[in-house]
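Raw contents of final37.txt, compact mmCIF, C-alpha atoms and all ligand atoms:
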```
# COMPACT_ATOMS: atom_id res chain seq x y z
CA MET W 4 -133.54 24.94 -201.45
CA ALA W 5 -131.49 26.62 -204.17
CA SER W 6 -132.85 24.20 -206.78
CA LEU W 7 -136.46 24.75 -205.73
CA ASP W 8 -138.52 26.08 -208.66
CA LEU W 9 -141.17 28.26 -207.06
CA SER W 10 -142.85 29.20 -210.36
CA SER W 11 -143.87 25.58 -211.01
CA MET W 12 -145.43 25.06 -207.57
CA SER W 13 -149.17 24.61 -207.00
CA LEU W 14 -151.17 26.58 -204.42
CA PRO W 15 -151.08 23.77 -201.80
CA GLN W 16 -147.33 23.43 -202.37
CA PHE W 17 -146.88 27.19 -201.76
CA LYS W 18 -148.88 26.92 -198.57
CA HIS W 19 -146.85 23.94 -197.40
CA PHE W 20 -143.58 25.66 -198.33
CA LEU W 21 -144.50 28.74 -196.29
CA SER W 22 -146.14 27.06 -193.30
CA GLU W 23 -143.05 24.86 -192.94
CA ARG W 24 -141.18 28.13 -192.44
CA GLY W 25 -143.69 29.48 -189.94
CA VAL W 26 -145.21 31.98 -192.40
CA LYS W 27 -148.96 32.64 -192.30
CA THR W 28 -150.65 31.73 -195.60
CA THR W 29 -154.32 32.56 -195.15
CA GLY W 30 -155.88 35.56 -196.88
CA TYR W 31 -153.45 35.70 -199.83
CA LYS W 32 -153.90 35.06 -203.55
CA LYS W 33 -151.56 32.69 -205.38
CA ASN W 34 -149.43 35.46 -206.93
CA GLU W 35 -149.09 37.11 -203.51
CA LEU W 36 -148.02 33.80 -202.00
CA LEU W 37 -145.47 33.45 -204.82
CA ASP W 38 -143.95 36.82 -203.83
CA ILE W 39 -143.86 35.84 -200.16
CA ALA W 40 -142.33 32.46 -201.02
CA ARG W 41 -139.66 34.17 -203.15
CA GLU W 42 -138.82 36.45 -200.22
CA ALA W 43 -138.71 33.47 -197.81
CA LYS W 44 -136.37 31.68 -200.21
CA LEU W 45 -134.23 34.81 -200.59
CA GLN W 46 -133.89 35.15 -196.83
CA SER W 47 -133.20 31.41 -196.41
CA ILE W 48 -135.78 31.16 -193.64
CA PRO W 49 -135.15 27.79 -191.94
CA THR W 50 -137.91 25.20 -191.78
CA LYS W 51 -139.38 23.75 -188.59
CA THR W 52 -137.38 20.61 -189.33
CA ASP W 53 -134.19 22.72 -189.46
CA HIS W 54 -135.07 24.19 -186.07
CA TYR W 55 -135.72 20.71 -184.70
CA VAL W 56 -132.43 19.36 -186.05
CA ASP W 57 -130.59 22.39 -184.60
CA GLU W 58 -132.19 21.85 -181.20
CA VAL W 59 -131.48 18.12 -181.15
CA SER W 60 -127.83 18.64 -182.11
CA SER W 61 -127.33 21.37 -179.49
CA GLN W 62 -128.98 19.12 -176.88
CA THR W 63 -126.50 16.38 -177.78
CA LEU W 64 -123.65 18.89 -177.65
CA ARG W 65 -124.57 19.81 -174.08
CA ARG W 66 -124.07 16.19 -173.07
CA THR W 67 -120.82 15.77 -174.98
CA VAL W 68 -117.40 16.13 -173.37
CA LYS W 69 -114.24 15.46 -175.38
CA GLY W 70 -116.17 13.44 -177.94
CA LYS W 71 -117.99 11.31 -175.38
CA VAL W 72 -121.79 11.65 -175.41
CA TYR W 73 -123.47 10.98 -172.06
CA PRO W 74 -127.09 9.72 -171.97
CA HIS W 75 -129.78 12.32 -171.32
CA PRO W 76 -130.23 12.54 -167.53
CA MET W 77 -134.03 12.82 -167.69
CA ARG W 78 -134.54 10.08 -170.27
CA SER W 79 -132.19 7.48 -168.85
CA ASN W 80 -132.56 5.00 -166.06
CA PHE W 81 -129.92 6.32 -163.67
CA SER W 82 -129.70 5.39 -160.00
CA TRP W 83 -130.03 8.88 -158.56
CA LYS W 84 -128.87 9.37 -154.98
CA ASP W 85 -129.92 12.12 -152.61
CA ASP W 86 -126.72 11.71 -150.60
CA LEU W 87 -124.61 14.63 -151.80
CA SER W 88 -121.56 13.97 -149.61
CA CYS W 89 -119.47 13.31 -152.76
CA LEU W 90 -120.69 16.44 -154.53
CA PRO W 91 -117.78 18.02 -156.44
CA ASN W 92 -116.32 21.07 -154.79
CA ILE W 93 -118.24 23.82 -156.62
CA GLU W 94 -116.64 27.12 -155.75
CA SER W 95 -117.72 30.68 -156.34
CA TYR W 96 -115.28 30.90 -159.25
CA ASP W 97 -116.90 27.89 -161.00
CA VAL W 98 -120.36 29.46 -160.77
CA GLN W 99 -119.15 32.88 -161.92
CA PHE W 100 -117.20 31.33 -164.81
CA TYR W 101 -120.27 29.43 -166.03
CA LEU W 102 -122.51 32.48 -165.71
CA LYS W 103 -120.03 34.61 -167.62
CA CYS W 104 -119.01 32.19 -170.37
CA LYS W 105 -122.20 30.15 -170.91
CA CYS W 106 -124.90 32.57 -169.79
CA MET W 107 -123.10 35.66 -171.13
CA ARG W 108 -123.73 37.62 -167.96
CA THR W 109 -122.04 40.99 -167.77
CA ASN W 110 -119.42 41.84 -165.16
CA ASP W 111 -121.85 44.30 -163.54
CA ARG W 112 -124.48 41.59 -163.20
CA LEU W 113 -121.94 39.14 -161.81
CA LYS W 114 -120.74 41.74 -159.35
CA SER W 115 -124.26 42.40 -158.03
CA TYR W 116 -125.32 38.74 -158.07
CA LYS W 117 -127.07 39.01 -154.71
CA ASN W 118 -129.65 41.34 -156.29
CA ASP W 119 -130.23 38.92 -159.15
CA ASN W 120 -133.50 37.00 -159.36
CA SER W 121 -131.60 33.73 -159.82
CA TYR W 122 -129.82 34.27 -156.50
CA ARG W 123 -133.13 35.13 -154.84
CA LEU W 124 -134.65 31.90 -156.21
CA HIS W 125 -131.91 30.06 -154.33
CA THR W 126 -132.20 32.04 -151.08
CA ASN W 127 -136.01 31.92 -151.16
CA GLY W 128 -135.96 28.12 -151.29
CA HIS W 129 -137.18 27.47 -154.82
CA ILE W 130 -134.67 24.66 -155.42
CA SER W 131 -135.64 21.23 -154.14
CA GLN W 132 -135.10 17.48 -154.61
CA VAL W 133 -131.42 17.75 -155.48
CA GLU W 134 -129.92 14.41 -156.47
CA MET W 135 -126.68 13.25 -158.03
CA VAL W 136 -125.36 10.38 -160.08
CA ALA W 137 -121.73 9.50 -160.90
CA LEU W 138 -121.34 8.86 -164.64
CA ASP W 139 -117.71 7.71 -164.48
CA ASP W 140 -114.59 8.69 -162.57
CA LYS W 141 -114.67 12.18 -164.05
CA PHE W 142 -118.26 13.42 -164.45
CA ARG W 143 -121.44 13.79 -162.41
CA TYR W 144 -125.00 14.75 -163.21
CA VAL W 145 -126.91 16.78 -160.63
CA ARG W 146 -130.64 17.18 -161.08
CA ALA W 147 -133.18 19.23 -159.14
CA LYS W 148 -136.55 20.93 -159.33
CA CYS W 149 -137.14 24.67 -159.32
CA THR W 150 -140.46 26.21 -158.41
CA PRO W 151 -141.39 28.99 -160.88
CA GLU W 152 -140.82 32.49 -159.52
CA GLU W 153 -144.27 33.93 -160.18
CA ARG W 154 -146.58 30.89 -160.25
CA GLN W 155 -145.51 28.89 -157.24
CA SER W 156 -148.50 26.59 -157.53
CA ALA W 157 -147.44 25.59 -161.09
CA PRO W 158 -145.44 22.38 -161.65
CA PRO W 159 -141.72 22.88 -160.94
CA TYR W 160 -139.13 22.99 -163.72
CA ASP W 161 -136.78 20.02 -164.04
CA ILE W 162 -133.16 21.10 -164.21
CA TRP W 163 -129.86 19.32 -164.48
CA ILE W 164 -126.19 20.14 -164.78
CA LEU W 165 -123.16 18.17 -165.92
CA ILE W 166 -120.10 18.82 -163.77
CA ASP W 167 -116.69 17.31 -163.44
CA VAL W 168 -115.20 16.09 -160.18
CA ASP W 169 -113.18 19.30 -159.82
CA GLY W 170 -116.36 21.37 -159.75
CA VAL W 171 -116.15 22.75 -163.30
CA ILE W 172 -119.67 23.14 -164.66
CA ASN W 173 -119.81 21.82 -168.19
CA SER W 174 -123.45 22.39 -169.14
CA GLY W 175 -127.05 22.28 -168.00
CA GLU W 176 -130.66 22.23 -169.13
CA CYS W 177 -134.06 23.25 -167.84
CA THR W 178 -137.63 22.54 -168.89
CA CYS W 179 -138.47 26.26 -169.01
CA VAL W 180 -138.66 28.06 -172.37
CA ALA W 181 -134.97 29.06 -172.31
CA GLY W 182 -134.07 25.42 -171.78
CA ASP W 183 -130.41 25.53 -172.78
CA GLY W 184 -128.96 25.89 -169.30
CA THR W 185 -128.61 29.68 -169.38
CA CYS W 186 -131.78 30.45 -167.42
CA LYS W 187 -132.21 31.76 -163.89
CA HIS W 188 -133.37 28.32 -162.67
CA VAL W 189 -130.06 26.65 -163.54
CA ALA W 190 -128.20 29.65 -162.09
CA ALA W 191 -130.25 29.29 -158.89
CA LEU W 192 -129.21 25.64 -158.63
CA LEU W 193 -125.56 26.63 -159.05
CA PHE W 194 -125.80 29.23 -156.28
CA GLY W 195 -127.55 26.64 -154.11
CA LEU W 196 -124.92 23.97 -154.75
CA GLN W 197 -122.10 26.38 -154.02
CA ALA W 198 -123.72 27.24 -150.66
CA PHE W 199 -124.33 23.55 -149.99
CA VAL W 200 -120.68 22.66 -150.63
CA GLN W 201 -119.70 25.50 -148.29
CA SER W 202 -121.99 24.10 -145.57
CA LEU W 203 -120.36 20.67 -145.99
CA THR W 204 -116.93 22.24 -145.63
CA ASP W 205 -118.05 24.13 -142.52
CA ARG W 206 -119.55 20.96 -141.08
CA SER W 207 -116.43 18.89 -141.56
CA ALA W 208 -114.38 21.76 -140.10
CA ILE W 209 -116.22 21.34 -136.79
CA GLY W 210 -116.00 17.56 -136.98
CA VAL W 211 -119.58 16.68 -137.96
CA THR W 212 -119.18 14.12 -140.72
CA ASP W 213 -121.28 11.15 -139.60
CA GLN W 214 -124.58 12.38 -141.07
CA LEU W 215 -125.73 11.98 -144.67
CA ALA W 216 -125.34 15.14 -146.70
CA LYS W 217 -128.84 15.70 -148.08
CA TRP W 218 -130.44 18.76 -149.55
CA THR W 219 -132.92 20.38 -147.19
CA ASN W 220 -136.11 20.85 -149.15
CA PRO W 221 -137.96 24.09 -148.41
CA THR W 222 -141.05 23.76 -146.28
CA ARG W 223 -143.99 25.83 -147.34
CA SER W 224 -147.20 25.97 -145.40
CA SER W 225 -150.11 27.48 -147.27
CA ARG W 226 -153.05 26.21 -145.31
CA PRO W 227 -156.32 27.92 -146.20
CA VAL W 228 -157.66 30.16 -143.44
CA LYS W 229 -160.91 32.01 -142.93
CA VAL W 230 -160.98 35.65 -144.02
CA ILE W 231 -161.53 36.71 -140.42
CA GLN W 232 -158.20 35.10 -139.48
CA LEU W 233 -156.20 37.02 -142.10
CA ASP W 234 -153.93 39.64 -140.60
CA LEU W 235 -153.76 42.08 -143.48
CA TRP W 236 -152.07 44.75 -141.38
CA ARG W 237 -148.97 42.83 -140.58
CA ASP W 238 -146.40 42.77 -143.36
CA PRO W 239 -143.27 41.02 -142.07
CA ASN W 240 -141.09 42.85 -144.60
CA GLY W 241 -142.84 46.19 -144.57
CA GLU W 242 -142.90 49.24 -142.37
CA THR W 243 -145.51 49.81 -139.72
CA PRO W 244 -148.74 50.48 -141.63
CA THR W 245 -150.59 53.74 -141.39
CA LYS W 246 -153.74 53.47 -139.36
CA PRO W 247 -156.98 54.02 -141.29
CA THR W 248 -158.62 57.39 -140.79
CA GLY W 249 -162.22 58.45 -140.97
CA GLN W 250 -161.50 60.52 -144.08
CA LEU W 251 -162.37 59.63 -147.65
CA TYR W 252 -160.29 60.22 -150.76
CA THR W 253 -161.52 62.97 -153.03
CA PRO W 254 -160.06 63.92 -156.42
CA THR W 255 -160.02 67.60 -155.43
CA GLY W 256 -157.50 66.90 -152.71
CA LYS W 257 -159.88 68.03 -149.98
CA GLN W 258 -160.31 65.41 -147.34
CA VAL W 259 -163.88 64.70 -146.37
CA ASN W 260 -164.92 63.35 -143.02
CA ARG W 261 -166.62 59.97 -143.46
CA LYS W 262 -169.51 60.85 -141.17
CA THR W 263 -170.20 64.13 -142.97
CA SER W 264 -170.06 62.44 -146.35
CA LEU W 265 -172.46 59.69 -145.39
CA GLN W 266 -174.89 62.21 -143.99
CA THR W 267 -174.70 64.21 -147.23
CA ASP W 268 -175.40 61.04 -149.30
CA GLU W 269 -178.44 60.27 -147.27
CA ASN W 270 -179.82 63.74 -147.90
ZN ZN F 1 -135.15 27.45 -166.58
```

Before anything else, please render the file you have as structure tokens.
Ligand SMILES: [Zn+2]
Amino acid sequence: MASLDLSSMSLPQFKHFLSERGVKTTGYKKNELLDIAREAKLQSIPTKTDHYVDEVSSQTLRRTVKGKVYPHPMRSNFSWKDDLSCLPNIESYDVQFYLKCKCMRTNDRLKSYKNDNSYRLHTNGHISQVEMVALDDKFRYVRAKCTPEERQSAPPYDIWILIDVDGVINSGECTCVAGDGTCKHVAALLFGLQAFVQSLTDRSAIGVTDQLAKWTNPTRSSRPVKVIQLDLWRDPNGETPTKPTGQLYTPTGKQVNRKTSLQTDEN
């Protein structure tokens, strides 16, 4: 870009130069575009291609361990298994270490992880269809789906993590906008896997080892019902609701009896 001669560029070339850098070009005269282009050049604003190259290389980096690049879990023809009995032993420390070092979570946030929305995604059953594949004797991919927090009817996000057999979490990705494995969806999967490993340990401690270790997918029933069947007064998480009264709200603060008010309106 240093050798680029802006003064010799035509109007379409200016527009292309700027739009490649995500700069709006409509509504400007050529000399104004020249000034903007000079500023863009001065600030070394990267092009869309630069962004793309950066993203591709960081994607590859997330699948690289000690110089070995593993195929992308979502774009390769792996034989995924839902039997998680050989899931690496993911401990609380492994999850906290990943959240601190890769997701840059603060100590305070780590300390109060049970209040975190990623932990609630796990406990509220947003993680489903957890499967695993062994890549070699050292590494495993685990993939899953995570229902979005707000729009539960929207398609789930696809997430994956790369872990080693000792439970150390190397990296992860998600199809949400964050994407790079630092989002709450990946964190929710980690919390879920840690709890799952704990349940396997508990199960083997009481001698139950003859069943397949599969993820229990959340069951959600959202059958449509008639309005008359809706029980709007019962909130399972709330306090006992206040009974309705025959009084109407008034901005003056004076409470008006419904019957009196209606009679006044009719007059
Ligand atoms: Zn995500």

- Message: Let me make sure I understand: among W:Arg154, W:Arg146, W:Arg65, W:Lys32, which one has the smallest atom-to-atom distance to Lys18 of chain W if we use all atoms listed in the file?
- Response: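 Closest residue, counting all atoms listed in the file: W:Lys32.
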
- Between atom CA of Pro159 of chain W and atom CA of Asp183 of chain W, what is the spacing in Å? 16.6 Å

- Query: Which residues form the shell of 12 Å around ligand ZN 1 (chain F) when you count all atoms listed in the file, given as a PyMOL selection string?
  - Reply: chain W and resi 106+121+124+129-130+147-152+159-164+175-192

- Near-Asp38 of chain W list (12 Å; all atoms listed in the file; drop same-chain fewer than 5 positions) as a PyMOL selection string: chain W and resi 9-10+17+21+28+31-33+43-45

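In this model, the gap between atom CA of Ser95 of chain W and atom CA of Leu193 of chain W comes to 9.2 Å.
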
- Considering only C-alpha atoms, return as an NGL selection string whatever protein or nucleic-acid residues lie within 12 Å of Ile48 of chain W, sequence-local ones (same chain, fewer than 2 positions apart) excluded. :W and (4 or 20-26 or 39-46 or 50-54)

- Item | atom CA of Val145 of chain W to atom CA of Lys71 of chain W, straight-line distance in Å | 18.1 Å

- Note on the structure: Judged by only C-alpha atoms, the minimum distance to Val72 of chain W among W:Asn110, W:Ile93, W:Asp86, W:Phe142 is found for W:Phe142

Completed segment 37-52 of chain W (N, CA and C atoms) as a short mmCIF file (atom, residue, chain, number, x, y, z; two decimals), in the frame of the given file:
```
data_model
loop_
_atom_site.label_atom_id
_atom_site.label_comp_id
_atom_site.auth_asym_id
_atom_site.auth_seq_id
_atom_site.Cartn_x
_atom_site.Cartn_y
_atom_site.Cartn_z
N LEU W 37 -146.71 33.66 -204.06
CA LEU W 37 -145.47 33.45 -204.82
C LEU W 37 -144.43 34.49 -204.40
N ASP W 38 -144.88 35.76 -204.26
CA ASP W 38 -143.95 36.82 -203.83
C ASP W 38 -143.39 36.54 -202.43
N ILE W 39 -144.31 36.13 -201.53
CA ILE W 39 -143.86 35.84 -200.16
C ILE W 39 -142.87 34.68 -200.15
N ALA W 40 -143.20 33.65 -200.97
CA ALA W 40 -142.33 32.46 -201.02
C ALA W 40 -140.96 32.84 -201.57
N ARG W 41 -140.95 33.72 -202.59
CA ARG W 41 -139.66 34.17 -203.15
C ARG W 41 -138.83 34.86 -202.07
N GLU W 42 -139.52 35.71 -201.29
CA GLU W 42 -138.82 36.45 -200.22
C GLU W 42 -138.29 35.48 -199.16
N ALA W 43 -139.13 34.46 -198.81
CA ALA W 43 -138.71 33.47 -197.81
C ALA W 43 -137.49 32.70 -198.31
N LYS W 44 -137.51 32.41 -199.61
CA LYS W 44 -136.37 31.68 -200.21
C LYS W 44 -135.12 32.55 -200.21
N LEU W 45 -135.34 33.85 -200.55
CA LEU W 45 -134.23 34.81 -200.59
C LEU W 45 -133.57 34.96 -199.22
N GLN W 46 -134.41 34.97 -198.19
CA GLN W 46 -133.89 35.15 -196.83
C GLN W 46 -133.43 33.84 -196.18
N SER W 47 -133.59 32.75 -196.93
CA SER W 47 -133.20 31.41 -196.41
C SER W 47 -133.81 31.14 -195.04
N ILE W 48 -135.11 31.40 -194.92
CA ILE W 48 -135.78 31.16 -193.64
C ILE W 48 -135.76 29.65 -193.36
N PRO W 49 -135.24 29.23 -192.22
CA PRO W 49 -135.15 27.79 -191.94
C PRO W 49 -136.53 27.17 -191.69
N THR W 50 -136.65 25.90 -192.00
CA THR W 50 -137.91 25.20 -191.78
C THR W 50 -138.00 24.73 -190.33
N LYS W 51 -139.21 24.28 -189.95
CA LYS W 51 -139.38 23.75 -188.59
C LYS W 51 -138.45 22.55 -188.38
N THR W 52 -138.26 21.78 -189.44
CA THR W 52 -137.38 20.61 -189.33
C THR W 52 -135.95 21.07 -189.05
#
```
